[in-house]
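Visitor: My structure is in final.cif, and what it holds is mmCIF, C-alpha atoms:
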```cif
data_coords
loop_
_atom_site.label_atom_id
_atom_site.label_comp_id
_atom_site.auth_asym_id
_atom_site.auth_seq_id
_atom_site.Cartn_x
_atom_site.Cartn_y
_atom_site.Cartn_z
CA MET A 618 120.32 11.88 153.22
CA ALA A 619 121.09 8.94 155.43
CA SER A 620 123.62 10.65 157.66
CA ASP A 621 124.50 14.02 159.14
CA ASP A 622 126.82 14.93 156.27
CA LYS A 623 123.85 14.65 153.89
CA VAL A 624 121.54 16.91 155.85
CA ALA A 625 122.54 20.16 154.17
CA MET A 626 120.96 19.33 150.83
CA SER A 627 119.57 22.72 149.93
CA THR A 628 121.04 25.94 148.64
CA SER A 629 118.24 27.77 150.47
CA ASN A 630 118.25 28.99 154.04
CA PRO A 631 118.22 25.71 156.04
CA ASN A 632 116.12 27.28 158.78
CA LYS A 633 113.34 28.52 156.52
CA LEU A 634 110.35 26.47 155.35
CA PRO A 635 109.46 25.62 152.71
CA LEU A 636 112.66 24.87 150.80
CA ARG A 637 112.23 24.56 147.05
CA GLN A 638 114.48 21.62 146.17
CA PRO A 639 117.66 19.80 147.23
CA SER A 640 121.05 21.06 146.10
CA LEU A 641 122.27 20.50 142.54
CA PRO A 642 124.91 17.89 143.58
CA TRP A 643 122.24 15.91 145.41
CA ARG A 644 119.84 16.07 142.45
CA MET A 645 122.61 14.93 140.10
CA THR A 646 123.52 12.03 142.40
CA SER A 647 119.90 10.96 142.61
CA SER A 648 119.51 11.13 138.82
CA VAL A 649 122.60 8.97 138.31
CA VAL A 650 121.61 6.38 140.93
CA MET A 651 118.04 6.05 139.69
CA GLY A 652 118.99 6.23 136.02
CA LEU A 653 121.72 3.60 136.16
CA THR A 654 119.59 1.29 138.31
CA ALA A 655 116.77 1.57 135.78
CA ALA A 656 119.17 0.99 132.88
CA LEU A 657 120.51 -2.18 134.51
CA SER A 658 116.98 -3.38 135.24
CA ARG A 659 115.84 -2.69 131.70
CA GLY A 660 118.92 -4.35 130.22
CA PHE A 661 118.41 -7.44 132.36
CA LEU A 662 114.69 -7.68 131.56
CA TYR A 663 114.89 -7.21 127.81
CA GLY A 664 118.32 -8.77 127.31
CA PHE A 665 117.78 -12.07 129.14
CA ASN A 666 114.02 -12.58 129.46
CA SER A 667 110.77 -12.31 127.52
CA VAL A 668 108.70 -9.29 128.53
CA GLU A 669 104.97 -8.63 128.13
CA VAL A 670 103.56 -5.26 129.19
CA THR A 671 99.90 -4.25 129.21
CA GLY A 672 98.67 -0.70 129.69
CA LEU A 673 102.10 0.94 129.50
CA GLU A 674 101.03 3.81 127.24
CA ARG A 675 98.20 4.59 129.63
CA PHE A 676 100.62 4.73 132.55
CA LEU A 677 103.16 6.83 130.65
CA ASP A 678 100.38 9.29 129.84
CA VAL A 679 99.74 9.60 133.59
CA LEU A 680 103.44 10.31 134.20
CA ASP A 681 103.65 12.78 131.31
CA LYS A 682 100.82 14.83 132.80
CA ARG A 683 102.76 14.97 136.09
CA LYS A 684 106.09 16.03 134.55
CA ASP A 685 105.81 19.66 135.68
CA ALA A 686 105.92 19.47 139.48
CA GLU A 687 104.50 22.98 139.83
CA LYS A 688 101.32 22.04 137.94
CA ARG A 689 100.53 18.81 139.77
CA GLN A 690 97.19 18.91 141.52
CA ARG A 691 97.47 15.72 143.61
CA GLY A 692 99.83 12.89 144.49
CA LEU A 693 99.99 9.45 142.89
CA ILE A 694 99.94 6.10 144.67
CA THR A 695 100.77 2.97 142.70
CA VAL A 696 100.07 -0.36 144.39
CA SER A 697 101.04 -3.88 143.35
CA ASN A 698 101.48 -7.44 144.51
CA HIS A 699 104.87 -8.39 145.98
CA ILE A 700 106.40 -11.61 144.66
CA SER A 701 110.18 -11.26 144.98
CA VAL A 702 112.94 -9.32 146.65
CA MET A 703 113.72 -7.71 143.27
CA ASP A 704 110.24 -6.47 142.28
CA ASP A 705 111.58 -2.95 142.77
CA PRO A 706 113.64 -1.99 140.76
CA ILE A 707 113.06 -4.68 138.11
CA MET A 708 109.40 -3.81 137.49
CA TRP A 709 110.34 -0.22 136.58
CA GLY A 710 112.71 -1.52 133.89
CA VAL A 711 109.73 -1.53 131.51
CA LEU A 712 109.65 2.29 131.60
CA PRO A 713 111.58 4.06 128.82
CA LEU A 714 114.92 5.38 130.10
CA ARG A 715 113.88 9.01 129.65
CA TYR A 716 111.71 8.57 132.75
CA ALA A 717 114.49 7.02 134.82
CA PHE A 718 116.78 10.06 134.86
CA ASN A 719 114.07 12.40 136.17
CA PRO A 720 113.73 11.65 139.90
CA SER A 721 111.19 14.41 140.46
CA ASN A 722 108.72 12.40 138.36
CA HIS A 723 109.70 8.96 139.62
CA ARG A 724 108.50 6.85 142.49
CA TRP A 725 109.31 7.10 146.17
CA GLY A 726 109.41 3.69 147.80
CA LEU A 727 109.51 2.24 151.30
CA GLY A 728 112.59 0.13 152.05
CA ALA A 729 113.44 -2.09 155.01
CA HIS A 730 115.57 -0.14 157.48
CA ASP A 731 117.50 -3.25 158.58
CA ILE A 732 118.55 -3.96 154.98
CA CYS A 733 118.61 -0.73 152.97
CA PHE A 734 119.83 1.51 155.80
CA LYS A 735 122.05 -0.82 157.82
CA ASN A 736 125.11 1.41 157.28
CA LYS A 737 125.97 4.88 156.03
CA LEU A 738 126.94 3.79 152.49
CA LEU A 739 123.78 1.79 151.86
CA GLY A 740 121.65 4.48 153.45
CA SER A 741 123.08 7.15 151.16
CA PHE A 742 122.57 4.94 148.09
CA PHE A 743 118.94 4.12 148.84
CA SER A 744 118.14 7.67 149.92
CA SER A 745 119.50 8.83 146.55
CA GLY A 746 117.21 6.24 145.00
CA GLN A 747 114.18 7.82 146.71
CA VAL A 748 113.61 5.11 149.30
CA LEU A 749 112.20 5.95 152.73
CA PRO A 750 113.58 4.03 155.76
CA THR A 751 110.84 1.75 157.05
CA HIS A 752 110.99 -0.45 160.14
CA ARG A 753 109.25 -3.82 160.14
CA SER A 754 107.60 -4.87 163.37
CA GLN A 755 109.00 -8.40 163.14
CA HIS A 756 112.55 -7.03 163.18
CA SER A 757 112.31 -3.74 165.07
CA PRO A 758 110.41 -2.22 168.02
CA ASN A 759 110.18 0.96 165.91
CA GLY A 760 108.02 -0.64 163.24
CA GLY A 761 104.30 -0.47 162.69
CA LEU A 762 101.60 1.66 161.16
CA PHE A 763 102.43 4.80 163.15
CA GLN A 764 106.18 5.03 162.57
CA PRO A 765 107.47 8.44 161.33
CA THR A 766 108.07 7.23 157.76
CA VAL A 767 104.34 6.94 157.10
CA PRO A 768 103.68 10.68 157.72
CA GLN A 769 106.59 11.40 155.38
CA ALA A 770 104.87 9.41 152.63
CA ILE A 771 101.56 11.17 153.36
CA ARG A 772 103.23 14.58 153.10
CA LEU A 773 105.04 13.65 149.88
CA LEU A 774 101.63 12.89 148.40
CA SER A 775 100.27 16.22 149.62
CA SER A 776 101.43 19.84 149.48
CA GLN A 777 102.64 22.33 152.07
CA PRO A 778 101.81 23.77 154.52
CA PHE A 779 101.48 20.69 156.70
CA ILE A 780 100.90 22.61 159.90
CA SER A 781 98.52 25.32 161.02
CA PRO A 782 100.24 28.46 162.37
CA LYS A 783 97.72 28.40 165.24
CA MET A 784 98.50 24.83 166.16
CA GLU A 785 99.05 24.16 169.85
CA LEU A 786 102.17 22.07 170.29
CA PRO A 787 102.07 19.18 172.75
CA GLU A 788 103.33 20.04 176.21
CA GLU A 789 105.09 16.71 176.71
CA PRO A 790 108.04 15.81 174.49
CA GLN A 791 107.32 13.13 171.91
CA ASP A 792 109.43 9.98 171.57
CA VAL A 793 110.00 10.63 167.87
CA PRO A 794 110.20 14.32 166.91
CA ASP A 795 108.14 15.50 163.97
CA PRO A 796 110.06 17.77 161.54
CA PHE A 797 107.19 20.23 161.24
CA THR A 798 106.18 20.44 164.88
CA SER A 799 109.74 20.47 166.20
CA GLY A 800 110.92 23.10 163.72
CA GLY A 801 113.62 21.00 162.03
CA LEU A 802 114.07 19.68 158.53
CA THR A 803 114.93 16.13 159.52
CA PHE A 804 113.09 13.22 161.03
CA THR A 805 114.18 10.24 163.09
CA THR A 806 112.89 6.69 162.94
CA THR A 807 114.46 5.51 166.21
CA GLY A 808 115.08 8.64 168.27
CA THR A 809 118.81 8.48 167.52
CA ASP A 810 119.13 8.34 163.71
CA ARG A 811 118.47 11.31 161.46
CA TYR A 812 117.20 11.66 157.88
CA VAL A 813 116.32 14.64 155.76
CA ALA A 814 112.54 15.01 155.49
CA PRO A 815 111.98 14.93 151.70
CA SER A 816 108.56 16.53 152.10
CA ALA A 817 110.32 19.70 153.34
CA TYR A 818 111.05 20.54 149.70
CA SER A 819 108.19 22.18 147.86
CA LYS A 820 109.25 20.58 144.56
CA ASN A 821 108.38 17.21 146.10
CA ARG A 822 104.72 18.23 146.47
CA HIS A 823 102.19 15.73 145.13
CA SER A 824 104.85 13.10 144.58
CA TRP A 825 104.47 9.53 143.37
CA VAL A 826 104.71 6.84 146.07
CA HIS A 827 104.74 3.13 145.28
CA VAL A 828 103.49 0.66 147.90
CA PHE A 829 103.58 -3.13 148.19
CA PRO A 830 100.62 -3.47 150.59
CA GLU A 831 101.28 -7.16 151.29
CA ALA A 832 104.50 -5.92 152.97
CA CYS A 833 106.32 -9.22 152.41
CA VAL A 834 107.29 -11.49 149.54
CA HIS A 835 104.43 -13.87 148.77
CA GLN A 836 104.99 -16.52 146.09
CA HIS A 837 101.97 -18.65 145.19
CA PRO A 838 101.61 -20.73 141.99
CA LYS A 839 98.14 -19.27 141.36
CA MET A 840 99.29 -15.72 142.15
CA LEU A 841 96.97 -15.36 145.13
CA LEU A 842 97.12 -12.23 147.29
CA ARG A 843 97.59 -11.91 151.04
CA TYR A 844 95.74 -9.34 153.12
CA PHE A 845 96.86 -5.74 152.66
CA LYS A 846 98.41 -3.86 155.55
CA TRP A 847 97.06 -0.46 156.41
CA GLY A 848 99.90 1.91 155.52
CA VAL A 849 98.31 2.48 152.12
CA SER A 850 95.01 3.15 153.93
CA ARG A 851 96.61 5.95 155.92
CA MET A 852 98.03 7.49 152.74
CA ILE A 853 94.64 7.49 151.03
CA LEU A 854 92.68 8.72 154.05
CA GLU A 855 95.08 11.38 155.31
CA SER A 856 96.72 12.89 152.21
CA GLU A 857 95.31 16.19 150.93
CA PRO A 858 93.87 16.29 148.40
CA VAL A 859 92.99 12.65 147.78
CA PRO A 860 95.82 11.15 145.69
CA ASP A 861 95.33 9.33 142.41
CA VAL A 862 95.55 5.55 142.79
CA LEU A 863 96.72 3.17 140.06
CA PRO A 864 96.84 -0.64 140.51
CA ILE A 865 99.57 -2.81 138.97
CA PHE A 866 100.00 -6.58 138.78
CA ILE A 867 103.33 -8.28 138.13
CA ASP A 868 104.20 -11.90 137.31
CA GLY A 869 107.64 -13.35 136.65
CA THR A 870 110.01 -11.99 139.26
CA GLN A 871 109.08 -14.96 141.46
CA ARG A 872 110.95 -17.05 138.87
CA ILE A 873 113.83 -14.57 138.74
CA MET A 874 114.31 -14.79 142.53
CA PRO A 875 112.35 -17.86 143.70
CA GLU A 876 112.25 -18.29 147.47
CA ASP A 877 113.29 -21.94 147.19
CA ARG A 878 116.31 -21.15 145.03
CA GLY A 879 119.59 -22.87 145.78
CA TRP A 880 123.14 -21.59 145.69
CA PRO A 881 124.07 -18.93 144.73
CA ARG A 882 120.99 -17.34 146.31
CA PHE A 883 122.13 -13.79 145.59
CA LEU A 884 122.15 -14.23 141.80
CA PRO A 885 118.94 -13.62 139.82
CA ARG A 886 117.76 -16.32 137.45
CA PHE A 887 116.95 -15.46 133.85
CA ALA A 888 115.27 -16.73 130.67
CA VAL A 889 111.86 -16.31 132.32
CA ARG A 890 108.61 -14.76 131.15
CA PHE A 891 107.97 -11.43 132.89
CA ARG A 892 104.54 -9.84 132.70
CA VAL A 893 103.27 -6.56 134.10
CA ALA A 894 99.86 -4.97 133.69
CA PHE A 895 99.13 -1.33 134.54
CA GLY A 896 95.49 -0.82 135.48
CA ASP A 897 93.32 2.22 134.93
CA LEU A 898 93.78 5.33 137.02
CA LEU A 899 91.03 5.21 139.62
CA ASP A 900 88.58 7.98 140.27
CA ALA A 901 89.83 8.17 143.85
CA GLU A 902 87.00 10.41 145.01
CA GLU A 903 84.46 7.90 143.76
CA ALA A 904 86.40 4.92 145.11
CA PHE A 905 87.28 6.31 148.54
CA GLY A 906 85.37 9.59 148.94
CA ASP A 907 82.79 8.17 151.35
CA LEU A 908 85.52 6.74 153.59
CA ARG A 909 87.53 9.98 153.52
CA ALA A 910 84.40 11.94 154.51
CA ARG A 911 83.92 9.66 157.52
CA TRP A 912 87.62 10.07 158.36
CA ARG A 913 87.34 13.88 158.28
CA ASP A 914 84.35 13.66 160.60
CA LEU A 915 86.43 11.59 163.02
CA VAL A 916 89.25 14.14 162.91
CA ARG A 917 86.84 17.04 163.57
CA LYS A 918 85.43 15.24 166.59
CA GLU A 919 88.89 15.31 168.18
CA ARG A 920 88.59 19.12 168.47
CA LYS A 921 92.33 19.45 168.16
CA THR A 922 94.50 20.95 165.44
CA LEU A 923 96.81 18.24 164.14
CA ALA A 924 99.78 18.38 161.80
CA MET A 925 99.42 16.21 158.72
CA GLY A 926 100.24 12.64 159.73
CA GLU A 927 99.78 13.32 163.43
CA LEU A 928 97.08 11.24 165.14
CA THR A 929 95.46 11.07 168.55
CA ASP A 930 95.06 7.71 170.26
CA ASN A 931 91.44 7.55 169.15
CA LEU A 932 92.47 8.15 165.52
CA LYS A 933 95.07 5.43 165.87
CA PHE A 934 93.19 2.74 167.76
CA GLY A 935 89.51 3.73 167.83
CA GLU A 936 87.09 1.16 166.43
CA GLU A 937 85.80 3.38 163.63
CA ALA A 938 89.30 4.49 162.58
CA VAL A 939 90.45 0.87 162.41
CA GLY A 940 87.34 -0.09 160.46
CA LEU A 941 87.98 2.64 157.90
CA ARG A 942 91.55 1.43 157.33
CA ILE A 943 90.35 -2.14 156.87
CA GLU A 944 87.79 -1.07 154.27
CA VAL A 945 90.26 1.11 152.34
CA ALA A 946 92.75 -1.77 152.21
CA ARG A 947 90.01 -4.14 151.02
CA ARG A 948 89.00 -1.78 148.20
CA VAL A 949 92.61 -1.31 147.09
CA ARG A 950 93.08 -5.08 147.09
CA ASP A 951 89.94 -5.50 144.97
CA GLU A 952 91.38 -3.12 142.36
CA ILE A 953 94.56 -5.18 142.08
CA LEU A 954 92.45 -8.33 141.78
CA LYS A 955 90.72 -6.74 138.77
CA VAL A 956 94.09 -6.26 137.08
CA ARG A 957 95.07 -9.84 137.97
CA ARG A 958 91.83 -11.09 136.41
CA SER A 959 92.62 -9.15 133.21
CA MET A 960 95.84 -11.19 132.93
CA GLY A 961 93.89 -14.43 132.84
CA TYR A 962 94.20 -15.55 136.45
CA PRO A 963 91.05 -16.98 138.03
CA ASP A 964 89.47 -15.58 141.18
CA ASP A 965 90.67 -18.40 143.43
CA ASP A 966 91.33 -16.46 146.62
CA GLY A 967 90.07 -18.32 149.65
CA PRO A 968 87.39 -16.93 151.97
CA GLY A 969 88.74 -14.28 154.30
CA PHE A 970 92.07 -13.90 152.52
CA GLU A 971 91.60 -10.12 152.66
CA LEU A 972 91.52 -10.17 156.49
CA ALA A 973 94.56 -9.97 158.77
CA GLU A 974 93.12 -12.52 161.20
CA THR A 975 93.10 -15.18 158.49
CA TRP A 976 96.89 -15.01 158.33
CA ALA A 977 97.48 -14.66 162.07
CA ARG A 978 98.02 -18.41 162.47
CA GLU A 979 101.13 -18.34 160.30
CA PRO A 980 104.44 -19.06 162.07
CA SER A 981 106.46 -16.11 163.35
CA LYS A 982 109.48 -16.91 161.19
CA ASP A 983 111.40 -14.93 158.60
CA ARG A 984 110.93 -17.46 155.80
CA PHE A 985 108.36 -20.23 155.72
CA LYS A 986 105.73 -22.11 153.75
CA SER A 987 102.38 -20.64 154.71
CA ASN A 988 99.90 -22.91 156.47
CA VAL A 989 97.10 -20.71 155.08
CA ASP A 990 97.62 -21.03 151.31
CA ASP A 991 100.84 -23.12 150.96
CA SER A 992 102.70 -20.13 149.50
CA LEU A 993 106.36 -19.33 150.09
CA VAL A 994 106.69 -16.26 152.32
CA ASN A 995 109.73 -14.08 153.00
CA LYS A 996 109.52 -11.47 155.75
CA ARG A 997 113.28 -11.08 156.02
CA ASP A 998 114.39 -9.52 152.70
#
```
Can the structure from this file be put into structure tokens for me?

Guide:
Amino acid sequence: MASDDKVAMSTSNPNKLPLRQPSLPWRMTSSVVMGLTAALSRGFLYGFNSVEVTGLERFLDVLDKRKDAEKRQRGLITVSNHISVMDDPIMWGVLPLRYAFNPSNHRWGLGAHDICFKNKLLGSFFSSGQVLPTHRSQHSPNGGLFQPTVPQAIRLLSSQPFISPKMELPEEPQDVPDPFTSGGLTFTTTGTDRYVAPSAYSKNRHSWVHVFPEACVHQHPKMLLRYFKWGVSRMILESEPVPDVLPIFIDGTQRIMPEDRGWPRFLPRFAVRFRVAFGDLLDAEEAFGDLRARWRDLVRKERKTLAMGELTDNLKFGEEAVGLRIEVARRVRDEILKVRRSMGYPDDDGPGFELAETWAREPSKDRFKSNVDDSLVNKRD
């Protein structure tokens, strides 16, 4: 999926949309990669550490109801804090192995392009592991909220068709072609690379996408949260229908891969206490319905037919659009704080910690000790 030789993944006509599913060899490769990764994660967690899981049966019940891809009615977004470079895949090691070898009912994640897709081998591995190539603004001019990977996540959470047959295509060529407006089955993140668009396959409808909204490793002794970036806001506002949202809180991987670890930095530490709590599945319509209604009103005011994930400048940068994203991110953050509270952590977040401007005074480095909350931050890995 990460290179041209992976583009022909389907046994169907490659010029006809929608395709049902990738080819059998690709599905087998994905099952092996995800299954073995989960087995190693589970073995490491339960073999060398103490593990405490809350709400697992509730979460497994959610997954069991989504097992048949044809019967899914909506996508699933899981959101959690981000406390180490190994949160994913280690956190999924608590799932029984029978879930690991079924990629169609496992998470899609967003992985750093400069790490996970730096060469063809790594790109193929992470693509098989259902990771979408994501640029980070600090390391790439192609990063940001409106990069092509975000529409891919939105479409994975939704169902086809993503485009109206009466849609008027833009007269001027776009910098980054869209797979459903340009007629292809691939997308590019830079204008020169090429990846299969996983949302082109109908069996990927209403998928599960996991998001770390803090978008960087944040290690604080009191498990405080940073502000949440707005990618998750776009997924909740723009996916159709509204996806289910389930908050998760993890604690322990910051001791497995502490940011101040010495040599050898690449080796995980063990004999730690790992805790994960799965929250309740939100009534997404109740939690975000008012904001989605205001978003739909904004879209209608544009008087233009847009493909799913396509935005006008006003929908990108307009004051009301920005305000809606801020409020969605705040509500998602509040739900994770509820799960954190259930694990016994106090509500010690400082005033304004949910706002981007609070953290704007941090240094523009890859790794540093924050001058906002004295946490250890890693924006490199």

Visitor: Find the distance between CA of Trp709 (chain A) and CA of Arg950 (chain A) and write it in Å to one decimal.

Guide: 20.8 Å

Visitor: Counting all atoms listed in the file, which of A:Leu841, A:Ile943, A:Ala924, A:Leu641 gets nearest to Ser856 (chain A)?

Guide: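 Selected residue with least distance to Ser856 (chain A): A:Ala924.
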
Visitor: What does the PyMOL selection byres ((chain A and resi 723) around 10) select in this file, as an MDAnalysis selection string?

Guide: chainID A and resid 651 680 683:684 709 716:722 724:726 746:747 824:827

Visitor: I want to know what sits within 6 Å of region 656-665 of chain A, based on all atoms listed in the file, with residues of the same chain fewer than 3 positions away left out; could you give that as JSON, numbers by chain?

Guide: {"A": [653, 707, 710, 887, 888]}

Visitor: Measuring atom to atom with all atoms listed in the file, identify which of A:Lys839, A:Lys921, A:Arg978, A:Arg644 is nearest to Arg958 (chain A).

Guide: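 Under the stated criterion, the closest residue is A:Lys839.
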
Visitor: Name the residues captured by the PyMOL selection byres ((chain A and resi 954) around 12) when it is applied to the shown file; answer as a PyMOL selection string.

Guide: chain A and resi 696-698+840-844+864-867+894+896+947-953+955-966+971

Visitor: Using the chain letters and numbers from this file, what does the PyMOL selection byres ((chain A and resi 693) around 6) select? Give the answer as a PDB file with C-alpha atoms, in the coordinates of the input.

Guide:
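Contents of expr.pdb, freshly written:
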```
ATOM      1  CA  GLY A 692      99.830  12.890 144.490  1.00  0.00           C
ATOM      2  CA  ILE A 694      99.940   6.100 144.670  1.00  0.00           C
ATOM      3  CA  TRP A 825     104.470   9.530 143.370  1.00  0.00           C
ATOM      4  CA  PRO A 860      95.820  11.150 145.690  1.00  0.00           C
ATOM      5  CA  ASP A 861      95.330   9.330 142.410  1.00  0.00           C
ATOM      6  CA  VAL A 862      95.550   5.550 142.790  1.00  0.00           C
TER       7      VAL A 862
END
```

Visitor: Which is closest to Gln755 (chain A) among A:His730, A:Lys933, A:Lys737, A:Arg917, if we use only C-alpha atoms?

Guide: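 Among A:His730, A:Lys933, A:Lys737, A:Arg917, it is A:His730 that comes nearest to Gln755 (chain A).
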
Visitor: Go through A:Ala910, A:Ala904, A:Leu928, A:Val670 and flag the residue nearest Arg851 (chain A), using all atoms listed in the file for the distances.

Guide: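 Looking only at the distances to Arg851 (chain A), the closest residue turns out to be A:Leu928.
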
Visitor: Go ahead and compute the interatomic distance for CA of Asp868 (chain A) and CA of Ala729 (chain A), in Å to one decimal.

Guide: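 Taking CA of Asp868 (chain A) and CA of Ala729 (chain A), their separation equals 22.2 Å.
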
Visitor: In Å, how far is it from CA of Asp983 (chain A) to CA of Arg878 (chain A)?

Guide: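 Spanning CA of Asp983 (chain A) to CA of Arg878 (chain A) is a straight-line distance of 15.7 Å.
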
Visitor: May I ask which of the residues A:Ile853, A:Leu898, A:Cys833, A:Leu923 is the closest one to His699 (chain A), counting only C-alpha atoms?

Guide: A:Cys833

Visitor: Which residue is closest to Asp900 (chain A)? Choose from A:Ser819, A:Leu739, A:Asn995, A:Val859 and count only C-alpha atoms.

Guide: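 Among the listed residues, the smallest separation from Asp900 (chain A) belongs to A:Val859.
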
Visitor: Taking (118.2, -18.5, 136.7) in the file's own coordinates, collect the residues within 12 Å, counting all atoms listed in the file, and hand them back as a tab-separated table (two decimals) with C-alpha atoms, keeping the file's coordinate frame.

Guide:
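Wrote it out as point.tsv, contents follow:
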```
chain	number	residue	atom	x	y	z
A	661	PHE	CA	118.41	-7.44	132.36
A	665	PHE	CA	117.78	-12.07	129.14
A	666	ASN	CA	114.02	-12.58	129.46
A	869	GLY	CA	107.64	-13.35	136.65
A	870	THR	CA	110.01	-11.99	139.26
A	871	GLN	CA	109.08	-14.96	141.46
A	872	ARG	CA	110.95	-17.05	138.87
A	873	ILE	CA	113.83	-14.57	138.74
A	874	MET	CA	114.31	-14.79	142.53
A	875	PRO	CA	112.35	-17.86	143.70
A	878	ARG	CA	116.31	-21.15	145.03
A	879	GLY	CA	119.59	-22.87	145.78
A	880	TRP	CA	123.14	-21.59	145.69
A	881	PRO	CA	124.07	-18.93	144.73
A	882	ARG	CA	120.99	-17.34	146.31
A	883	PHE	CA	122.13	-13.79	145.59
A	884	LEU	CA	122.15	-14.23	141.80
A	885	PRO	CA	118.94	-13.62	139.82
A	886	ARG	CA	117.76	-16.32	137.45
A	887	PHE	CA	116.95	-15.46	133.85
A	888	ALA	CA	115.27	-16.73	130.67
A	889	VAL	CA	111.86	-16.31	132.32
A	890	ARG	CA	108.61	-14.76	131.15
```

Visitor: Using the file's own x, y and z axes, so that the box edges lie along x, y and z, what centre and edge lengths in Å (one decimal) does a box around every listed atom of region 708-712 of chain A get when 3 Å is added on each side? Give it as JSON.

Guide:
```
{"center_x": 111.1, "center_y": -0.8, "center_z": 134.5, "size_x": 9.3, "size_y": 12.1, "size_z": 12.0}
```

Visitor: Write out as a PDB file with C-alpha atoms, in the coordinates of the input which residues come within 12 Å of Phe985 (chain A) when counting all atoms listed in the file, dropping same-chain ones fewer than 3 positions away.

Guide:
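New file part_22.pdb:
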```
ATOM      1  CA  CYS A 833     106.320  -9.220 152.410  1.00  0.00           C
ATOM      2  CA  VAL A 834     107.290 -11.490 149.540  1.00  0.00           C
ATOM      3  CA  HIS A 835     104.430 -13.870 148.770  1.00  0.00           C
ATOM      4  CA  GLN A 836     104.990 -16.520 146.090  1.00  0.00           C
ATOM      5  CA  GLU A 876     112.250 -18.290 147.470  1.00  0.00           C
ATOM      6  CA  ASP A 877     113.290 -21.940 147.190  1.00  0.00           C
ATOM      7  CA  GLU A 979     101.130 -18.340 160.300  1.00  0.00           C
ATOM      8  CA  PRO A 980     104.440 -19.060 162.070  1.00  0.00           C
ATOM      9  CA  SER A 981     106.460 -16.110 163.350  1.00  0.00           C
ATOM     10  CA  LYS A 982     109.480 -16.910 161.190  1.00  0.00           C
ATOM     11  CA  ASN A 988      99.900 -22.910 156.470  1.00  0.00           C
ATOM     12  CA  VAL A 989      97.100 -20.710 155.080  1.00  0.00           C
ATOM     13  CA  ASP A 990      97.620 -21.030 151.310  1.00  0.00           C
ATOM     14  CA  ASP A 991     100.840 -23.120 150.960  1.00  0.00           C
ATOM     15  CA  SER A 992     102.700 -20.130 149.500  1.00  0.00           C
ATOM     16  CA  LEU A 993     106.360 -19.330 150.090  1.00  0.00           C
ATOM     17  CA  VAL A 994     106.690 -16.260 152.320  1.00  0.00           C
ATOM     18  CA  ASN A 995     109.730 -14.080 153.000  1.00  0.00           C
ATOM     19  CA  LYS A 996     109.520 -11.470 155.750  1.00  0.00           C
ATOM     20  CA  ARG A 997     113.280 -11.080 156.020  1.00  0.00           C
TER      21      ARG A 997
END
```

Visitor: For region 810-821 of chain A, supply N, CA and C atoms and format the output as a PDB file, in the coordinates of the input.

Guide:
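result_33.pdb written:
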```
ATOM      1  N   ASP A 810     118.676   8.124 165.090  1.00  0.00           N
ATOM      2  CA  ASP A 810     119.130   8.340 163.710  1.00  0.00           C
ATOM      3  C   ASP A 810     118.529   9.646 163.190  1.00  0.00           C
ATOM      4  N   ARG A 811     118.948  10.046 162.004  1.00  0.00           N
ATOM      5  CA  ARG A 811     118.470  11.310 161.460  1.00  0.00           C
ATOM      6  C   ARG A 811     118.470  11.254 159.938  1.00  0.00           C
ATOM      7  N   TYR A 812     117.357  11.638 159.336  1.00  0.00           N
ATOM      8  CA  TYR A 812     117.200  11.660 157.880  1.00  0.00           C
ATOM      9  C   TYR A 812     116.570  12.975 157.458  1.00  0.00           C
ATOM     10  N   VAL A 813     116.971  13.461 156.311  1.00  0.00           N
ATOM     11  CA  VAL A 813     116.320  14.640 155.760  1.00  0.00           C
ATOM     12  C   VAL A 813     114.872  14.299 155.450  1.00  0.00           C
ATOM     13  N   ALA A 814     113.963  15.197 155.807  1.00  0.00           N
ATOM     14  CA  ALA A 814     112.540  15.010 155.490  1.00  0.00           C
ATOM     15  C   ALA A 814     112.308  15.460 154.054  1.00  0.00           C
ATOM     16  N   PRO A 815     112.120  14.533 153.111  1.00  0.00           N
ATOM     17  CA  PRO A 815     111.980  14.930 151.700  1.00  0.00           C
ATOM     18  C   PRO A 815     110.770  15.815 151.453  1.00  0.00           C
ATOM     19  N   SER A 816     109.756  15.705 152.292  1.00  0.00           N
ATOM     20  CA  SER A 816     108.560  16.530 152.100  1.00  0.00           C
ATOM     21  C   SER A 816     108.809  17.986 152.472  1.00  0.00           C
ATOM     22  N   ALA A 817     109.994  18.307 153.028  1.00  0.00           N
ATOM     23  CA  ALA A 817     110.320  19.700 153.340  1.00  0.00           C
ATOM     24  C   ALA A 817     110.534  20.524 152.079  1.00  0.00           C
ATOM     25  N   TYR A 818     110.763  19.839 150.953  1.00  0.00           N
ATOM     26  CA  TYR A 818     111.050  20.540 149.700  1.00  0.00           C
ATOM     27  C   TYR A 818     109.765  20.694 148.895  1.00  0.00           C
ATOM     28  N   SER A 819     109.449  21.925 148.540  1.00  0.00           N
ATOM     29  CA  SER A 819     108.190  22.180 147.860  1.00  0.00           C
ATOM     30  C   SER A 819     108.119  21.504 146.498  1.00  0.00           C
ATOM     31  N   LYS A 820     109.274  21.230 145.873  1.00  0.00           N
ATOM     32  CA  LYS A 820     109.250  20.580 144.560  1.00  0.00           C
ATOM     33  C   LYS A 820     108.844  19.109 144.680  1.00  0.00           C
ATOM     34  N   ASN A 821     108.832  18.581 145.899  1.00  0.00           N
ATOM     35  CA  ASN A 821     108.380  17.210 146.100  1.00  0.00           C
ATOM     36  C   ASN A 821     106.877  17.122 146.380  1.00  0.00           C
TER      37      ASN A 821
END
```
